[in-house]
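As structure tokens, the structure follows; a few thoughts come after it.
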Amino acid sequence: MGTSGSYGGSGTADWHEAHDAFDALSGAAPSGTGPGDIPDPAEGQQQLLDNVLSALSTALQKDDADHGTPSGTGYPLSALLVSPRGGGGGSGGRTQAPAGRAGAGSRRQVLKGSARGAAAVAGAYALRSGDAARLQELGLDLAELRGLGPRAQISRILQAVLGDAGHPDEAALRKAATRWVKAVLLDPEPPAPQEGLRGLVVEWIYELSLVELGSQKAQGNLTAQEAIRKQRWLRSWLERRLKRLAIPDTRRMTVQQFSATAAKVTGEALRMLRARRS
């Protein structure tokens with residue numbers, strides 16, 4: 001399940017609580033629904049879903065290197081992009097080493113990861129609108145990117161910002177960012193920047209949660225279909241809970257500002273999920 005691979009999980013009490021809450025979710029299919037539908041959950045299931053999201057957000061906030069609270073100025077882009085190597089410019093002058101979580105002993109970078117993913121999404125918006133200045137913030141060249149096909153453009157932006165994924169958290173970040181970079185560059189009508197930022201935050205929290213939830217087998221005898229269904233319930237409820245998450249007007253933001261906003265919004269999202277519903 002998820003992107004965990006051979007990752008063994010954090011094993012903390014908070015994550016044990018999150019596992020227990022996830023295990024308590026029903027994996028049964030609601031009656032009267034088609035295979036592609038995600039119906040409104042019953043009240044009891046809603047409470048169980050809230051329990052999962054509260055436990056997940058608590059564990060992520062405690063794991064975070066910044067304890068869920070970014071600095072007022074955000075992260076400099078130099079701390080978000082893959083490290084430059086000597087000589088060369090643009091994305092070709094960067095190493096493949098990610099600027100994020102690199103090993104089991106490193107702290108989880110929940111807010112910084114969101115900022116890094118947002119920088120990639122901002123690059124996609126800049127390419128879509130032909131904004132050379134914002135692309136230059138990422139060391140990318142508008143003319144060069146326009147000479148590539150859409151898939152190569154996506155790969156170039158992701159590699160320049162995120163590099164290769166050397167840790168399950170990094171793989172989760174790349175997956176979350178890829179979804180929204182693709183939406184911006186490939187959809188006939190790209191999502192509005194505020195919606196793109198909200199979508200990235202939701203996707204990042206979901207994918208990062210699956211790293212841990214997938215590190216242990218769920219208790220009981222779930223079938224593969226039941227496990228997938230529980231993940232779909234969780235994702236749908238997460239999107240619903242964060243639907244009213246306040247997003248500032250991002251249309252005129254620099255890449256630096258867009259990424260800093262993503263970190264702040266992620267911190268607020270975790271607080272909303274811990275508070276549950278009123």
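Note on naming: chains are A, B, ... as they come in the structure tokens, residues start from 1 per chain, ligands start from 1 in the order shown.
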Taking a cut-off of 6 Å and counting only C-alpha atoms, can you build a table that, for each residue of range 106-206 of chain A near range 240-261 of chain A, reports the nearest atom pair and how far apart they are in Å (one decimal), sorted by chain then residue number, as a tab-separated table?
```
residue	atom	partner	partner_atom	distance
A:Ala115	CA	A:Ser259	CA	4.3
A:Ala118	CA	A:Ser259	CA	5.0
A:Ala119	CA	A:Ser259	CA	5.3
A:Ala122	CA	A:Val255	CA	5.8
```
When DSSP works through the backbone of this structure, what residues of range 9-248 of chain A end up as alpha helix (DSSP H), shown as a ChimeraX atom specification?
/A:13-23,43-63,110-129,132-137,142-146,150-162,168-186,193-213,224-241
Determine which residues of range 64-252 of chain A receive a DSSP assignment of strand (DSSP E or B), computed from the backbone, and state them as a ChimeraX atom specification.
/A:64,84,94,108
Selection: 8 Å around range 144-152 of chain A, only C-alpha atoms, excl. self and same-chain fewer than 3 positions, as number ranges by chain:
A: 127, 140-141, 155-156, 185-186
Extract, using only C-alpha atoms, all DNA, RNA and protein residues at most 7 Å from Leu111 in chain A, discarding same-chain residues fewer than 2 positions from it, and format them as a list of chain:residue names.
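The neighbour list is A:Gly68, A:Pro70, A:Gln109, A:Gly113, A:Ser114, A:Ala115, A:Ala263, A:Thr266, A:Gly267.
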Long-range neighbours of Trp237 in chain A as a ChimeraX atom specification, 12 Å cut-off, only C-alpha atoms, 4 positions minimum in chain:
/A:38-42,45-54,202,206,230-233,241-243,273,276-277
How would the residues just chosen look if you wrote them out with N, CA and C atoms as a PDB file, in the first residue's frame?
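Saved as selection-v7.pdb:
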```
ATOM      1  N   ILE A  38     -17.585   7.376  -4.694  1.00  0.00           N
ATOM      2  CA  ILE A  38     -17.214   7.501  -3.295  1.00  0.00           C
ATOM      3  C   ILE A  38     -18.365   8.240  -2.621  1.00  0.00           C
ATOM      4  N   PRO A  39     -19.330   7.508  -2.074  1.00  0.00           N
ATOM      5  CA  PRO A  39     -20.521   8.150  -1.526  1.00  0.00           C
ATOM      6  C   PRO A  39     -20.227   8.840  -0.208  1.00  0.00           C
ATOM      7  N   ASP A  40     -21.184   9.631   0.258  1.00  0.00           N
ATOM      8  CA  ASP A  40     -21.054  10.249   1.563  1.00  0.00           C
ATOM      9  C   ASP A  40     -20.984   9.157   2.620  1.00  0.00           C
ATOM     10  N   PRO A  41     -19.974   9.175   3.470  1.00  0.00           N
ATOM     11  CA  PRO A  41     -19.901   8.135   4.498  1.00  0.00           C
ATOM     12  C   PRO A  41     -20.977   8.338   5.560  1.00  0.00           C
ATOM     13  N   ALA A  42     -21.369   7.239   6.187  1.00  0.00           N
ATOM     14  CA  ALA A  42     -22.313   7.323   7.295  1.00  0.00           C
ATOM     15  C   ALA A  42     -21.675   8.080   8.452  1.00  0.00           C
ATOM     16  N   GLN A  45     -18.906   6.328  10.230  1.00  0.00           N
ATOM     17  CA  GLN A  45     -17.692   6.272   9.416  1.00  0.00           C
ATOM     18  C   GLN A  45     -17.017   7.632   9.365  1.00  0.00           C
ATOM     19  N   GLN A  46     -17.785   8.701   9.348  1.00  0.00           N
ATOM     20  CA  GLN A  46     -17.207  10.045   9.372  1.00  0.00           C
ATOM     21  C   GLN A  46     -16.369  10.251  10.632  1.00  0.00           C
ATOM     22  N   GLN A  47     -16.880   9.786  11.762  1.00  0.00           N
ATOM     23  CA  GLN A  47     -16.123   9.936  13.008  1.00  0.00           C
ATOM     24  C   GLN A  47     -14.831   9.140  12.966  1.00  0.00           C
ATOM     25  N   LEU A  48     -14.896   7.939  12.396  1.00  0.00           N
ATOM     26  CA  LEU A  48     -13.687   7.142  12.269  1.00  0.00           C
ATOM     27  C   LEU A  48     -12.676   7.810  11.342  1.00  0.00           C
ATOM     28  N   LEU A  49     -13.157   8.396  10.255  1.00  0.00           N
ATOM     29  CA  LEU A  49     -12.267   9.105   9.329  1.00  0.00           C
ATOM     30  C   LEU A  49     -11.642  10.321   9.998  1.00  0.00           C
ATOM     31  N   ASP A  50     -12.445  11.039  10.795  1.00  0.00           N
ATOM     32  CA  ASP A  50     -11.893  12.170  11.543  1.00  0.00           C
ATOM     33  C   ASP A  50     -10.813  11.706  12.511  1.00  0.00           C
ATOM     34  N   ASN A  51     -11.036  10.537  13.129  1.00  0.00           N
ATOM     35  CA  ASN A  51     -10.031  10.004  14.053  1.00  0.00           C
ATOM     36  C   ASN A  51      -8.723   9.720  13.326  1.00  0.00           C
ATOM     37  N   VAL A  52      -8.819   9.179  12.115  1.00  0.00           N
ATOM     38  CA  VAL A  52      -7.612   8.890  11.336  1.00  0.00           C
ATOM     39  C   VAL A  52      -6.874  10.181  10.995  1.00  0.00           C
ATOM     40  N   LEU A  53      -7.607  11.167  10.473  1.00  0.00           N
ATOM     41  CA  LEU A  53      -6.962  12.416  10.070  1.00  0.00           C
ATOM     42  C   LEU A  53      -6.365  13.161  11.258  1.00  0.00           C
ATOM     43  N   SER A  54      -7.040  13.108  12.395  1.00  0.00           N
ATOM     44  CA  SER A  54      -6.496  13.760  13.584  1.00  0.00           C
ATOM     45  C   SER A  54      -5.200  13.093  14.023  1.00  0.00           C
ATOM     46  N   VAL A 202      -3.062  18.934  -0.179  1.00  0.00           N
ATOM     47  CA  VAL A 202      -3.866  17.744   0.108  1.00  0.00           C
ATOM     48  C   VAL A 202      -3.130  16.483  -0.338  1.00  0.00           C
ATOM     49  N   TYR A 206      -1.636  13.381   1.997  1.00  0.00           N
ATOM     50  CA  TYR A 206      -2.129  12.031   1.733  1.00  0.00           C
ATOM     51  C   TYR A 206      -0.978  11.072   1.417  1.00  0.00           C
ATOM     52  N   LYS A 230     -10.347   1.605   1.591  1.00  0.00           N
ATOM     53  CA  LYS A 230     -10.090   2.418   2.784  1.00  0.00           C
ATOM     54  C   LYS A 230      -9.220   3.626   2.435  1.00  0.00           C
ATOM     55  N   GLN A 231      -8.254   3.441   1.559  1.00  0.00           N
ATOM     56  CA  GLN A 231      -7.429   4.568   1.117  1.00  0.00           C
ATOM     57  C   GLN A 231      -8.269   5.592   0.363  1.00  0.00           C
ATOM     58  N   ARG A 232      -9.197   5.108  -0.468  1.00  0.00           N
ATOM     59  CA  ARG A 232     -10.065   6.023  -1.210  1.00  0.00           C
ATOM     60  C   ARG A 232     -10.975   6.800  -0.271  1.00  0.00           C
ATOM     61  N   TRP A 233     -11.516   6.118   0.742  1.00  0.00           N
ATOM     62  CA  TRP A 233     -12.310   6.815   1.760  1.00  0.00           C
ATOM     63  C   TRP A 233     -11.475   7.932   2.390  1.00  0.00           C
ATOM     64  N   ARG A 241     -12.397  17.668   4.021  1.00  0.00           N
ATOM     65  CA  ARG A 241     -12.065  18.420   5.228  1.00  0.00           C
ATOM     66  C   ARG A 241     -11.273  19.690   4.921  1.00  0.00           C
ATOM     67  N   LEU A 242     -10.475  19.655   3.864  1.00  0.00           N
ATOM     68  CA  LEU A 242      -9.624  20.808   3.537  1.00  0.00           C
ATOM     69  C   LEU A 242     -10.195  21.652   2.401  1.00  0.00           C
ATOM     70  N   LYS A 243     -11.438  21.395   2.039  1.00  0.00           N
ATOM     71  CA  LYS A 243     -12.057  22.141   0.950  1.00  0.00           C
ATOM     72  C   LYS A 243     -12.149  23.623   1.262  1.00  0.00           C
ATOM     73  N   LEU A 273      -6.961  19.663  10.779  1.00  0.00           N
ATOM     74  CA  LEU A 273      -7.240  18.230  10.893  1.00  0.00           C
ATOM     75  C   LEU A 273      -7.149  17.761  12.335  1.00  0.00           C
ATOM     76  N   ARG A 276     -10.322  18.521  14.279  1.00  0.00           N
ATOM     77  CA  ARG A 276     -11.488  17.752  13.867  1.00  0.00           C
ATOM     78  C   ARG A 276     -12.598  18.710  13.460  1.00  0.00           C
ATOM     79  N   ARG A 277     -13.828  18.216  13.420  1.00  0.00           N
ATOM     80  CA  ARG A 277     -14.941  19.071  12.997  1.00  0.00           C
ATOM     81  C   ARG A 277     -15.622  19.677  14.202  1.00  0.00           C
TER      82      ARG A 277
END
```
Nearest to Leu238 in chain A, chosen from A:Ala269, A:Leu213, A:Leu158, A:Leu60, with only C-alpha atoms counted in the distances:
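Looking at the shortest contact to Leu238 in chain A, the residue is A:Ala269.
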Atomic separation - CA of Leu210 in chain A relative to CA of Arg179 in chain A, Å
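Separation between CA of Arg179 in chain A and CA of Leu210 in chain A: 15.9 Å.
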